[in-house]
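What follows is a short report on a single structure.
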Amino acid sequence: MGVQVSDLISLFLGLTAGEQALVIAALVLLVALLSLLIIVGSVSARLWWAGRAGRRASVSPAEVIPPTNFARDGSPSDPLNVRVIGTADQLSAAFVSAGWYRADELSFITSLRISFDALLARKYSSAPVSDLYLFGRRQDFAFEKPGRSVRQRDHVRFWRAKLPATDGRPIWIGGATRDDKVELSRTNHLPTHGIAPDVDDERNLIADDLIATGWVVAERSVPDFTGPTQTKNAMGDTYHTDGQAILLTLARTQPVPLLPQLIREPGAGFVRAAARRLRRNLPQQGRELAHEWQQRRAHARMQKPPNGSASD
């Protein structure tokens with residue numbers, strides 16, 4: 001025999017005032033949780049459907065790597081200026097050794113946090129990145145180096161290429177830019193970042209940081225655009241580049257298990273200490289390249305004309 005609503009009301013009225021207050025509080029909490037789940041599900045579904053055009057536009061033959069990734073509406077966006085050869089664990093180990101964080105997944109909760117942290121100018125070291133698309137899917141990994149607040153950060157998205165490198169390991173295609181402001185997306189109205197115009201600086205920063213760890217055993221430049229280019233990304237931010245991408249080959253050293261899953265704010269110091277211990281196991285080639293690269297970069301800075309002016 002089913003329970004009638006009148007029976008429930010009678011049961012409720014028979015409770016003491018304190019017990020009634022507890023029941024009401026529990027019901028309010030239940031309604032709040034259900035509402036939150038509905039909102040989270042709605043935002044997730046909206047994000048997925050909003051990316052259909054981007055997924056379609058980013059599909060390309062296995063041997064073709066376009067110069068940019070693509071936004072949710074299918075328009076070309078940020079330059080693909082970094083490429084790394086290595087396993088997923090090696091990629092993560094190199095970045096955590098360099099002091100970078102793995103970005104959180106974009107969700108309703110993380111969007112709320114990044115909004116509040118942006119308003120209060122607070123840090124959020126593993127803040128999420130907006131989804132961009134390549135090879136018919138959103139990024140596989142995203143890493144970031146936090147600035148003074150969540151409004152500024154260095155970051156890179158990576159997609160695993162369809163074809164492996166000659167040594168059989170994956171090639172990760174990355175789009176590196178520096179965020180210098182927070183704004184609302186034109187497509188989903190969630191918080192997103194605007195990028196700084198000199199994307200070559202961000203490419204060079206990643207090369208500097210990863211090579212300094214000793215993880216990189218080889219580096220070279222490869223063409224991205226057909227030459228020096230100035231254009232806009234999908235958010236309307238202007239950027240310029242010399243048209244080159246950096247290709248970094250990582251050591252074949254086996255990193256600490258589960259390292260890719262642990263590069264978050266909680267326990268990041270412990271993970272970095274474990275990653276740095278691996279440096280003694282890295283090949284001498286990586287340490288030599290780090291020393292050579294540092295000298296080359298210092299010489300290049302000395303030769304650069306002051307304030308970007310032309311040399312005599």
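Residue numbering restarts at 1 in every chain; chains get A, B, ... in the order shown in the structure tokens, and ligands count up from 1 in that same order.
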Item to check | Residue list (helix (DSSP H, G or I), DSSP) for region 89-218 of chain A, as an NGL selection string | outcome: :A and (89-97 or 108-119 or 199-212)
Take the residues just selected and output them with N, CA and C atoms as a short mmCIF file (atom, residue, chain, number, x, y, z; two decimals), in the first residue's frame.
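Contents of selection_23.cif, freshly written:
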```
data_model
loop_
_atom_site.label_atom_id
_atom_site.label_comp_id
_atom_site.auth_asym_id
_atom_site.auth_seq_id
_atom_site.Cartn_x
_atom_site.Cartn_y
_atom_site.Cartn_z
N ASP A 89 53.31 10.30 -20.46
CA ASP A 89 53.96 10.43 -19.16
C ASP A 89 55.24 11.26 -19.27
N GLN A 90 55.99 11.09 -20.33
CA GLN A 90 57.21 11.88 -20.50
C GLN A 90 56.89 13.35 -20.72
N LEU A 91 55.85 13.62 -21.48
CA LEU A 91 55.41 15.00 -21.70
C LEU A 91 55.05 15.67 -20.37
N SER A 92 54.25 14.97 -19.56
CA SER A 92 53.84 15.52 -18.27
C SER A 92 55.02 15.68 -17.33
N ALA A 93 55.94 14.71 -17.33
CA ALA A 93 57.11 14.79 -16.45
C ALA A 93 57.97 15.99 -16.79
N ALA A 94 58.14 16.26 -18.07
CA ALA A 94 58.94 17.41 -18.48
C ALA A 94 58.31 18.71 -18.02
N PHE A 95 56.99 18.84 -18.16
CA PHE A 95 56.33 20.08 -17.76
C PHE A 95 56.31 20.26 -16.25
N VAL A 96 56.07 19.19 -15.51
CA VAL A 96 56.05 19.34 -14.06
C VAL A 96 57.44 19.64 -13.53
N SER A 97 58.46 19.10 -14.17
CA SER A 97 59.84 19.42 -13.78
C SER A 97 60.16 20.88 -14.04
N PHE A 108 31.16 23.77 -14.86
CA PHE A 108 30.43 24.85 -14.21
C PHE A 108 31.14 25.29 -12.94
N ILE A 109 31.65 24.32 -12.16
CA ILE A 109 32.32 24.64 -10.89
C ILE A 109 33.62 25.38 -11.13
N THR A 110 34.47 24.87 -12.05
CA THR A 110 35.75 25.53 -12.30
C THR A 110 35.55 26.89 -12.97
N SER A 111 34.48 27.02 -13.75
CA SER A 111 34.18 28.33 -14.35
C SER A 111 33.80 29.34 -13.28
N LEU A 112 33.01 28.88 -12.26
CA LEU A 112 32.68 29.78 -11.15
C LEU A 112 33.94 30.21 -10.41
N ARG A 113 34.84 29.24 -10.17
CA ARG A 113 36.05 29.58 -9.43
C ARG A 113 36.92 30.58 -10.20
N ILE A 114 37.11 30.33 -11.49
CA ILE A 114 37.96 31.24 -12.26
C ILE A 114 37.33 32.63 -12.34
N SER A 115 35.99 32.70 -12.35
CA SER A 115 35.31 34.01 -12.38
C SER A 115 35.58 34.78 -11.09
N PHE A 116 35.40 34.11 -9.94
CA PHE A 116 35.63 34.77 -8.65
C PHE A 116 37.11 35.13 -8.48
N ASP A 117 38.00 34.22 -8.87
CA ASP A 117 39.43 34.50 -8.72
C ASP A 117 39.86 35.65 -9.62
N ALA A 118 39.24 35.77 -10.80
CA ALA A 118 39.56 36.89 -11.69
C ALA A 118 39.10 38.21 -11.09
N LEU A 119 37.89 38.20 -10.49
CA LEU A 119 37.37 39.43 -9.88
C LEU A 119 38.23 39.86 -8.69
N VAL A 199 53.21 35.67 -29.94
CA VAL A 199 53.12 34.25 -29.61
C VAL A 199 54.47 33.55 -29.72
N ASP A 200 55.43 34.15 -30.43
CA ASP A 200 56.77 33.55 -30.50
C ASP A 200 57.45 33.58 -29.13
N ASP A 201 57.16 34.61 -28.33
CA ASP A 201 57.71 34.67 -26.98
C ASP A 201 57.24 33.47 -26.16
N GLU A 202 55.99 33.09 -26.33
CA GLU A 202 55.46 31.94 -25.57
C GLU A 202 56.08 30.64 -26.04
N ARG A 203 56.23 30.50 -27.34
CA ARG A 203 56.93 29.32 -27.89
C ARG A 203 58.34 29.23 -27.33
N ASN A 204 59.05 30.35 -27.29
CA ASN A 204 60.43 30.36 -26.79
C ASN A 204 60.49 30.08 -25.29
N LEU A 205 59.47 30.56 -24.55
CA LEU A 205 59.44 30.29 -23.10
C LEU A 205 59.32 28.80 -22.83
N ILE A 206 58.45 28.12 -23.57
CA ILE A 206 58.29 26.68 -23.38
C ILE A 206 59.58 25.95 -23.73
N ALA A 207 60.22 26.35 -24.82
CA ALA A 207 61.50 25.73 -25.17
C ALA A 207 62.53 25.96 -24.07
N ASP A 208 62.62 27.20 -23.56
CA ASP A 208 63.55 27.51 -22.48
C ASP A 208 63.30 26.63 -21.26
N ASP A 209 62.03 26.57 -20.83
CA ASP A 209 61.70 25.85 -19.60
C ASP A 209 61.91 24.35 -19.72
N LEU A 210 61.49 23.76 -20.85
CA LEU A 210 61.62 22.31 -21.00
C LEU A 210 63.07 21.89 -21.21
N ILE A 211 63.82 22.65 -22.01
CA ILE A 211 65.22 22.29 -22.24
C ILE A 211 66.02 22.42 -20.95
N ALA A 212 65.70 23.40 -20.12
CA ALA A 212 66.43 23.59 -18.85
C ALA A 212 66.26 22.41 -17.91
#
```
Checklist entry - Which residues, written as a PyMOL selection string, have at least one atom at most 10 Å from Phe225 (chain A), with only C-alpha atoms counted and residues fewer than 3 positions away on the same chain left out? => result chain A and resi 66-68+79-81+222+228-229+241-245
Checklist entry - Any idea what the distance is between CA of Pro170 (chain A) and CA of Ala62 (chain A)? => result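 It comes out at 13.0 Å.
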Item to check | Spatial neighbours of Phe158 (chain A), max dist 10 Å, only C-alpha atoms, sep filter under 6 positions, as a PyMOL selection string | outcome: chain A and resi 80+82-84+91+132-134+138-143+171-176
Next on the checklist: Which residue is closest to Val59 (chain A)? Choose from A:Ala121, A:Ala218, A:Leu33, A:Ala161 and count only C-alpha atoms.
Outcome noted: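 Closest residue, counting only C-alpha atoms: A:Ala161.
Neighbours of region 282-291 of chain A closer than or equal to 10 Å, with only C-alpha atoms counted and sequence neighbours fewer than 2 positions away skipped, come out as Asp208, Asp209, Leu210, Ile211, Ala212, Thr213, Gly214, Trp215, Val216, Val217, Ala218, Glu219, Thr249, Leu250, Ala251, Arg252, Thr253, Gln254, Pro255, Arg277, Leu278, Arg279, Arg280, Trp293, Gln294, Gln295 and Arg296 of chain A.
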